[in-house]
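input_14.cif follows; it contains mmCIF, C-alpha atoms.
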data_work
loop_
_atom_site.label_atom_id
_atom_site.label_comp_id
_atom_site.auth_asym_id
_atom_site.auth_seq_id
_atom_site.Cartn_x
_atom_site.Cartn_y
_atom_site.Cartn_z
CA MET A 331 8.21 -19.10 9.24
CA ASN A 332 8.37 -15.57 7.84
CA LYS A 333 10.53 -16.63 4.91
CA ALA A 334 7.87 -19.15 3.85
CA ALA A 335 5.12 -16.56 4.35
CA LEU A 336 6.91 -13.98 2.18
CA HIS A 337 7.40 -16.57 -0.55
CA LEU A 338 3.67 -17.27 -0.38
CA TYR A 339 2.90 -13.55 -0.64
CA GLU A 340 5.12 -13.10 -3.69
CA GLU A 341 3.42 -16.05 -5.39
CA MET A 342 -0.01 -14.63 -4.57
CA PHE A 343 0.93 -11.14 -5.76
CA GLN A 344 2.18 -12.43 -9.12
CA GLN A 345 -1.00 -14.44 -9.70
CA GLU A 346 -3.13 -11.47 -8.67
CA GLU A 347 -1.32 -9.27 -11.19
CA SER A 348 -1.87 -11.84 -13.93
CA ILE A 349 -5.63 -11.80 -13.28
CA PHE A 350 -5.84 -8.08 -14.07
CA SER A 351 -3.40 -8.18 -16.97
CA GLY A 352 -5.63 -7.53 -19.96
CA ALA A 353 -8.82 -8.26 -18.00
CA LYS A 354 -11.94 -7.09 -19.87
CA ASP A 355 -14.44 -7.62 -17.06
CA VAL A 356 -13.20 -5.79 -13.96
CA VAL A 357 -15.91 -7.22 -11.70
CA GLU A 358 -15.03 -10.77 -12.73
CA ALA A 359 -11.36 -9.97 -12.16
CA HIS A 360 -12.08 -8.75 -8.61
CA LEU A 361 -14.10 -11.89 -7.94
CA LYS A 362 -11.23 -14.06 -9.12
CA ALA A 363 -8.82 -12.04 -6.98
CA VAL A 364 -11.02 -12.51 -3.90
CA GLN A 365 -11.05 -16.28 -4.46
CA LEU A 366 -7.31 -16.37 -5.13
CA ILE A 367 -6.37 -14.33 -2.06
CA SER A 368 -8.81 -16.27 0.14
CA ASP A 369 -7.08 -19.48 -0.94
CA PHE A 370 -3.66 -18.05 -0.14
CA ILE A 371 -4.85 -16.78 3.23
CA GLY A 372 -5.98 -20.35 3.90
CA LYS A 373 -2.45 -21.50 3.09
CA LEU A 374 -1.05 -18.79 5.37
CA ASN A 375 -3.31 -19.96 8.20
CA SER A 376 -2.10 -23.53 7.66
CA LEU A 377 1.48 -22.30 8.02
CA LEU A 378 0.54 -20.63 11.30
CA ARG A 379 -0.96 -23.83 12.63
CA GLU A 380 1.88 -26.08 11.45
CA ARG A 381 4.95 -23.96 12.19
CA SER A 382 6.36 -21.93 15.03
CA PHE A 383 8.15 -18.60 15.08
CA GLU A 384 11.83 -18.58 15.96
CA ASP A 385 11.34 -15.82 18.52
CA GLU A 386 9.05 -12.94 19.48
CA ALA A 387 10.71 -10.58 17.03
CA GLU A 388 9.76 -12.82 14.11
CA GLU A 389 6.19 -13.13 15.38
CA ILE A 390 5.88 -9.35 15.79
CA HIS A 391 7.13 -8.77 12.24
CA PHE A 392 4.65 -11.31 10.91
CA PHE A 393 1.59 -9.74 12.53
CA LYS A 394 2.79 -6.18 11.98
CA GLU A 395 3.72 -6.49 8.29
CA ILE A 396 3.06 -9.85 6.64
CA ARG A 397 -0.40 -10.84 7.90
CA PRO A 398 -1.82 -7.33 7.23
CA ALA A 399 -0.40 -7.44 3.69
CA PHE A 400 -2.43 -10.57 2.92
CA ASP A 401 -5.62 -9.39 4.63
CA GLY A 402 -5.30 -5.93 3.11
CA ARG A 403 -5.33 -7.31 -0.43
CA LEU A 404 -8.55 -9.21 0.33
CA LEU A 405 -10.24 -6.17 1.90
CA PHE A 406 -9.20 -4.07 -1.10
CA HIS A 407 -10.95 -6.26 -3.66
CA LEU A 408 -13.99 -6.82 -1.44
CA HIS A 409 -14.46 -3.07 -1.07
CA LEU A 410 -14.27 -2.46 -4.82
CA LEU A 411 -16.69 -5.32 -5.46
CA ASN A 412 -19.19 -3.77 -3.06
CA HIS A 413 -19.08 -0.52 -5.05
CA HIS A 414 -18.81 -1.82 -8.59
CA ASP A 415 -22.48 -1.12 -9.35
CA ARG A 416 -22.20 2.61 -8.62
CA ASN A 417 -22.13 3.71 -12.22
CA LEU A 418 -22.24 7.41 -11.36
CA ALA A 419 -21.35 10.47 -13.40
CA GLY A 420 -20.98 14.20 -12.96
CA ALA A 421 -21.91 15.67 -9.58
CA ASP A 422 -23.04 12.28 -8.22
CA ARG A 423 -19.65 10.77 -8.95
CA LEU A 424 -17.86 13.70 -7.33
CA SER A 425 -20.05 13.42 -4.25
CA PHE A 426 -19.48 9.66 -4.00
CA CYS A 427 -15.69 9.93 -4.30
CA ARG A 428 -15.56 12.74 -1.73
CA GLN A 429 -17.67 10.74 0.72
CA GLN A 430 -15.45 7.69 0.33
CA LEU A 431 -12.36 9.82 0.98
CA LYS A 432 -14.03 11.37 4.01
CA ASP A 433 -14.87 7.93 5.43
CA LEU A 434 -11.27 6.78 4.93
CA ARG A 435 -9.86 9.90 6.55
CA ASP A 436 -12.31 9.66 9.45
CA TYR A 437 -11.07 6.12 10.11
CA GLU A 438 -7.48 7.34 10.04
CA GLU A 439 -8.39 10.16 12.41
CA ARG A 440 -9.92 7.70 14.87
CA ASN A 441 -6.66 5.77 14.77
CA ARG A 442 -4.33 8.76 14.82
CA SER A 443 -2.42 7.67 17.92
CA PHE A 444 -1.87 4.16 16.52
CA ILE A 445 -0.69 5.56 13.17
CA HIS A 446 1.65 7.94 14.98
CA TYR A 447 3.08 4.97 16.87
CA LEU A 448 3.60 2.98 13.65
CA LEU A 449 5.44 5.89 12.03
CA SER A 450 7.67 6.46 15.03
CA PRO A 451 10.92 4.54 15.61
CA GLN A 452 9.56 3.33 18.94
CA GLY A 453 8.63 -0.29 19.42
CA HIS A 454 7.69 -0.44 23.09
CA LEU A 455 4.09 -1.48 22.36
CA ASP A 456 4.88 -4.03 19.65
CA SER A 457 4.64 -6.96 22.01
CA TYR A 458 1.17 -5.81 23.13
CA TYR A 459 -0.12 -5.00 19.64
CA PHE A 460 1.47 -7.74 17.56
CA LEU A 461 1.95 -10.83 19.71
CA ARG A 462 -0.87 -13.35 19.99
CA THR A 463 -2.70 -13.84 23.25
CA ASP A 464 -5.38 -16.21 24.51
CA THR A 465 -7.14 -13.28 26.18
CA VAL A 466 -9.92 -11.75 24.06
CA ASP A 467 -9.98 -7.96 24.35
CA PRO A 468 -13.42 -6.59 23.29
CA ALA A 469 -11.83 -3.29 22.24
CA PHE A 470 -10.24 -4.99 19.22
CA LEU A 471 -13.09 -7.24 18.09
CA GLU A 472 -14.70 -4.63 15.79
CA ASP A 473 -11.80 -5.08 13.36
CA PHE A 474 -12.34 -8.81 12.98
CA GLY A 475 -16.04 -9.33 12.44
CA TYR A 476 -16.67 -13.07 12.39
CA VAL A 477 -13.14 -14.23 11.64
CA TYR A 478 -11.40 -13.69 14.98
CA ASP A 479 -9.12 -16.52 15.99
CA PRO A 480 -6.50 -15.75 18.68
CA HIS A 481 -4.09 -18.22 17.08
CA LEU A 482 -4.29 -16.57 13.65
CA TYR A 483 -4.36 -12.89 14.62
CA ALA A 484 -2.73 -10.49 17.01
CA ARG A 485 -4.62 -7.60 18.61
CA MET A 486 -3.88 -4.96 15.99
CA SER A 487 -3.06 -7.01 12.90
CA ALA A 488 -6.55 -6.56 11.43
CA ARG A 489 -6.54 -2.82 12.11
CA GLN A 490 -3.15 -2.57 10.46
CA ALA A 491 -4.64 -4.30 7.39
CA LYS A 492 -7.53 -1.81 7.31
CA LEU A 493 -5.12 1.11 7.44
CA LYS A 494 -3.05 -0.36 4.64
CA VAL A 495 -6.06 -0.87 2.39
CA GLY A 496 -7.24 2.63 3.27
CA LYS A 497 -4.15 4.06 1.62
CA LEU A 498 -4.77 2.01 -1.49
CA LEU A 499 -8.40 3.09 -1.71
CA ALA A 500 -7.61 6.74 -1.00
CA GLU A 501 -5.47 6.87 -4.13
CA ILE A 502 -8.25 5.36 -6.21
CA TYR A 503 -10.79 7.91 -4.97
CA LEU A 504 -8.35 10.77 -5.46
CA GLU A 505 -7.92 9.55 -9.02
CA CYS A 506 -11.71 9.43 -9.25
CA LEU A 507 -11.91 13.07 -8.16
CA MET A 508 -9.30 14.12 -10.69
CA ASP A 509 -11.18 12.35 -13.50
CA ALA A 510 -14.55 13.66 -12.40
CA GLU A 511 -13.34 17.23 -12.09
CA GLY A 512 -11.46 16.95 -15.37
CA ASN A 513 -8.50 18.88 -14.02
CA ALA A 514 -5.00 17.71 -14.82
CA VAL A 515 -2.58 18.38 -12.01
CA GLN A 516 0.46 20.27 -13.21
CA ALA A 517 3.39 21.94 -11.52
CA PRO A 518 2.54 25.64 -10.88
CA GLY A 519 4.04 28.00 -13.43
CA ASN A 520 5.53 25.19 -15.46
CA THR A 521 4.67 25.56 -19.13
CA GLU A 522 7.16 22.99 -20.38
CA ARG A 523 6.27 19.32 -20.08
CA LEU A 524 8.81 16.55 -19.82
CA VAL A 525 7.84 12.93 -20.34
CA TRP A 526 8.89 10.30 -17.82
CA GLU A 527 10.47 7.48 -19.81
CA GLY A 528 11.35 5.22 -16.90
CA ASN A 529 8.96 2.65 -15.48
CA LYS A 530 6.32 3.51 -12.90
CA VAL A 531 7.99 1.54 -10.14
CA TRP A 532 10.98 3.87 -10.36
CA LEU A 533 8.78 6.95 -10.10
CA ALA A 534 6.85 5.45 -7.18
CA GLU A 535 10.14 4.82 -5.38
CA LEU A 536 11.17 8.43 -6.02
CA ILE A 537 7.80 9.77 -4.81
CA TYR A 538 8.07 7.86 -1.56
CA ALA A 539 11.63 9.10 -1.12
CA PHE A 540 10.33 12.68 -1.49
CA TYR A 541 7.59 11.97 1.04
CA ALA A 542 9.84 10.20 3.55
CA THR A 543 12.41 13.00 3.36
CA GLY A 544 9.79 15.74 3.70
CA VAL A 545 11.12 17.85 0.84
CA PHE A 546 7.63 19.31 0.19
CA GLY A 547 6.98 20.03 3.85
CA LYS A 548 4.28 18.49 6.01
CA VAL A 549 1.90 17.35 3.28
CA ASP A 550 0.13 14.04 2.95
CA LEU A 551 1.33 11.38 0.54
CA GLN A 552 -1.58 11.76 -1.87
CA ARG A 553 -0.66 15.40 -2.57
CA VAL A 554 2.90 14.39 -3.41
CA VAL A 555 1.64 11.63 -5.72
CA ARG A 556 -0.74 14.02 -7.51
CA PHE A 557 1.88 16.74 -7.90
CA VAL A 558 4.64 14.48 -9.25
CA SER A 559 2.19 12.55 -11.43
CA GLY A 560 0.98 15.77 -13.01
CA ALA A 561 4.48 17.18 -13.43
CA PHE A 562 5.71 14.11 -15.30
CA GLY A 563 2.46 13.19 -17.05
CA VAL A 564 2.22 9.77 -15.39
CA ARG A 565 -1.05 8.51 -13.98
CA PHE A 566 -0.93 5.95 -11.19
CA ALA A 567 -3.76 3.46 -10.83
CA ASN A 568 -2.39 2.88 -7.34
CA ALA A 569 1.01 4.17 -6.25
CA TYR A 570 0.67 2.70 -2.77
CA LYS A 571 0.22 -0.79 -4.16
CA ILE A 572 3.47 -0.35 -6.10
CA PHE A 573 5.17 0.83 -2.92
CA GLU A 574 3.92 -2.24 -1.07
CA GLU A 575 5.57 -4.37 -3.75
CA ILE A 576 8.81 -2.39 -3.30
CA ARG A 577 8.66 -2.65 0.48
CA MET A 578 8.14 -6.40 0.40
CA ARG A 579 11.27 -6.94 -1.71
CA LYS A 580 13.74 -9.28 -0.06
CA LYS A 581 16.73 -7.51 -1.59
CA ASN A 582 17.59 -4.02 -2.81
CA ARG A 583 14.47 -2.14 -1.74
CA THR A 584 15.84 1.14 -3.16
CA SER A 585 17.08 -0.12 -6.53
CA PHE A 586 16.19 3.06 -8.48
CA LEU A 587 17.70 5.43 -5.90
CA ASP A 588 20.85 3.30 -5.85
CA PHE A 589 20.89 3.33 -9.66
CA MET A 590 20.55 7.14 -9.70
CA ARG A 591 23.34 7.52 -7.15
CA LEU A 592 25.64 5.28 -9.19
CA ASN A 593 24.97 7.23 -12.40
CA LEU A 594 25.45 10.56 -10.67
CA ILE A 595 28.81 9.49 -9.28
CA ARG A 596 29.87 8.16 -12.68
CA ARG A 597 28.86 11.44 -14.33
CA MET A 598 30.78 13.50 -11.76
CA ASP A 599 33.83 11.25 -12.18
CA LEU A 600 33.59 11.70 -15.95
CA ASP A 601 33.28 15.48 -15.61
CA ASP A 602 36.27 15.49 -13.28
CA GLU A 603 38.29 13.58 -15.85
CA PHE A 604 37.51 16.02 -18.68
CA SER A 605 37.99 19.10 -16.49
CA LEU A 606 41.63 18.25 -15.92
#

Show me this structure written as structure tokens.
Amino acid sequence: MNKAALHLYEEMFQQEESIFSGAKDVVEAHLKAVQLISDFIGKLNSLLRERSFEDEAEEIHFFKEIRPAFDGRLLFHLHLLNHHDRNLAGADRLSFCRQQLKDLRDYEERNRSFIHYLLSPQGHLDSYYFLRTDTVDPAFLEDFGYVYDPHLYARMSARQAKLKVGKLLAEIYLECLMDAEGNAVQAPGNTERLVWEGNKVWLAELIYAFYATGVFGKVDLQRVVRFVSGAFGVRFANAYKIFEEIRMRKKNRTSFLDFMRLNLIRRMDLDDEFSL
């Protein structure tokens, strides 16, 4: 089941990317993306009705990772469509971006305990959060609106999707703040600029490695993205979206880090050879 769902997601993601490749009308592109993703979600729902999971572990993974990835892409484009007509500038634009960030952070704050659970290695509540049930719990209905179907969703799958899209949108509004304020983020005290010549996916992988390792201390992901982006002169339209693509890879999810490790070892071996 999950293998077929991941194949469907990869197909959807590629078609979504092609819509925005060279798109001149952003609103039209978002509309096309909404239609595309809605169609693929329909296909995903058909899979759910026609196939069964091998075991509970596969079902948990589906509703914890795969279903929210689909729904999150739809919520992302719907949100941007709802705000496309806000052609603001100056102080109004700053105020709008700050309010959007505040709303996103307020939602995260209300779900702090759930986020903490997701980030922890524990899985003792997975069966409660991410297995389907015929019992309707009113506490979870606010996440679904009019689309709740106990066969197609688990209790927290929709909330997981909202949290995922929140990360995507937070980066956009942080970028909005940077543009509105007109301040380029640069490494403190660094007067020399180096240009990143690798692709953005590599840098995104490196940024998330920094964040996961905690090398900058207890700071949020957006601050790491802004710092590294400024230091290397690379602007991300959406680093989290790139990370989602990396995370959904079937093979070699750390290709750039593995590539760096291989080159470092080769260089040390070469230096050892010439030092003899």

request  = Show me as a PyMOL selection string the residues that reach within 7 Å of (-15.2, -9.5, -5.4), counting only C-alpha atoms and using the file's own coordinates.
outcome  = chain A and resi 357+360-361+364+407-408+411

key: Computed interatomic separation between atom CA of A:Tyr339 and atom CA of A:Phe400 (Å)   = 7.1 Å

Determine, using all atoms listed in the file, which residues of stretch 530-556 of chain A have any atom at most 12 Å from an atom of stretch 588-602 of chain A, and tabulate each with its shortest atom pair and distance in Å to one decimal place, rows ordered by chain and then rising number, as a tab-separated table.
residue	atom	partner	partner_atom	distance
A:Trp532	CA	A:Phe589	CA	9.9
A:Leu533	CA	A:Met590	CA	11.8
A:Glu535	CA	A:Asp588	CA	10.8
A:Leu536	CA	A:Met590	CA	10.2
A:Ala539	CA	A:Asp588	CA	11.9

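Considering the residues A:Arg435, A:Arg440, A:Trp526, A:Arg579 and counting all atoms listed in the file, A:Gln552 has its shortest atom-to-atom contact with A:Arg435.
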
query = With only C-alpha atoms as the atoms that count, which of A:Cys506, A:Phe406, A:Phe392, A:Leu493 lies nearest to A:Lys333?
reply = A:Phe392

Top pick for closest residue to A:Leu524, considering A:Leu498, A:Val564, A:Val554, A:Ala335 and counting all atoms listed in the file =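 Closest residue, counting all atoms listed in the file: A:Val564.
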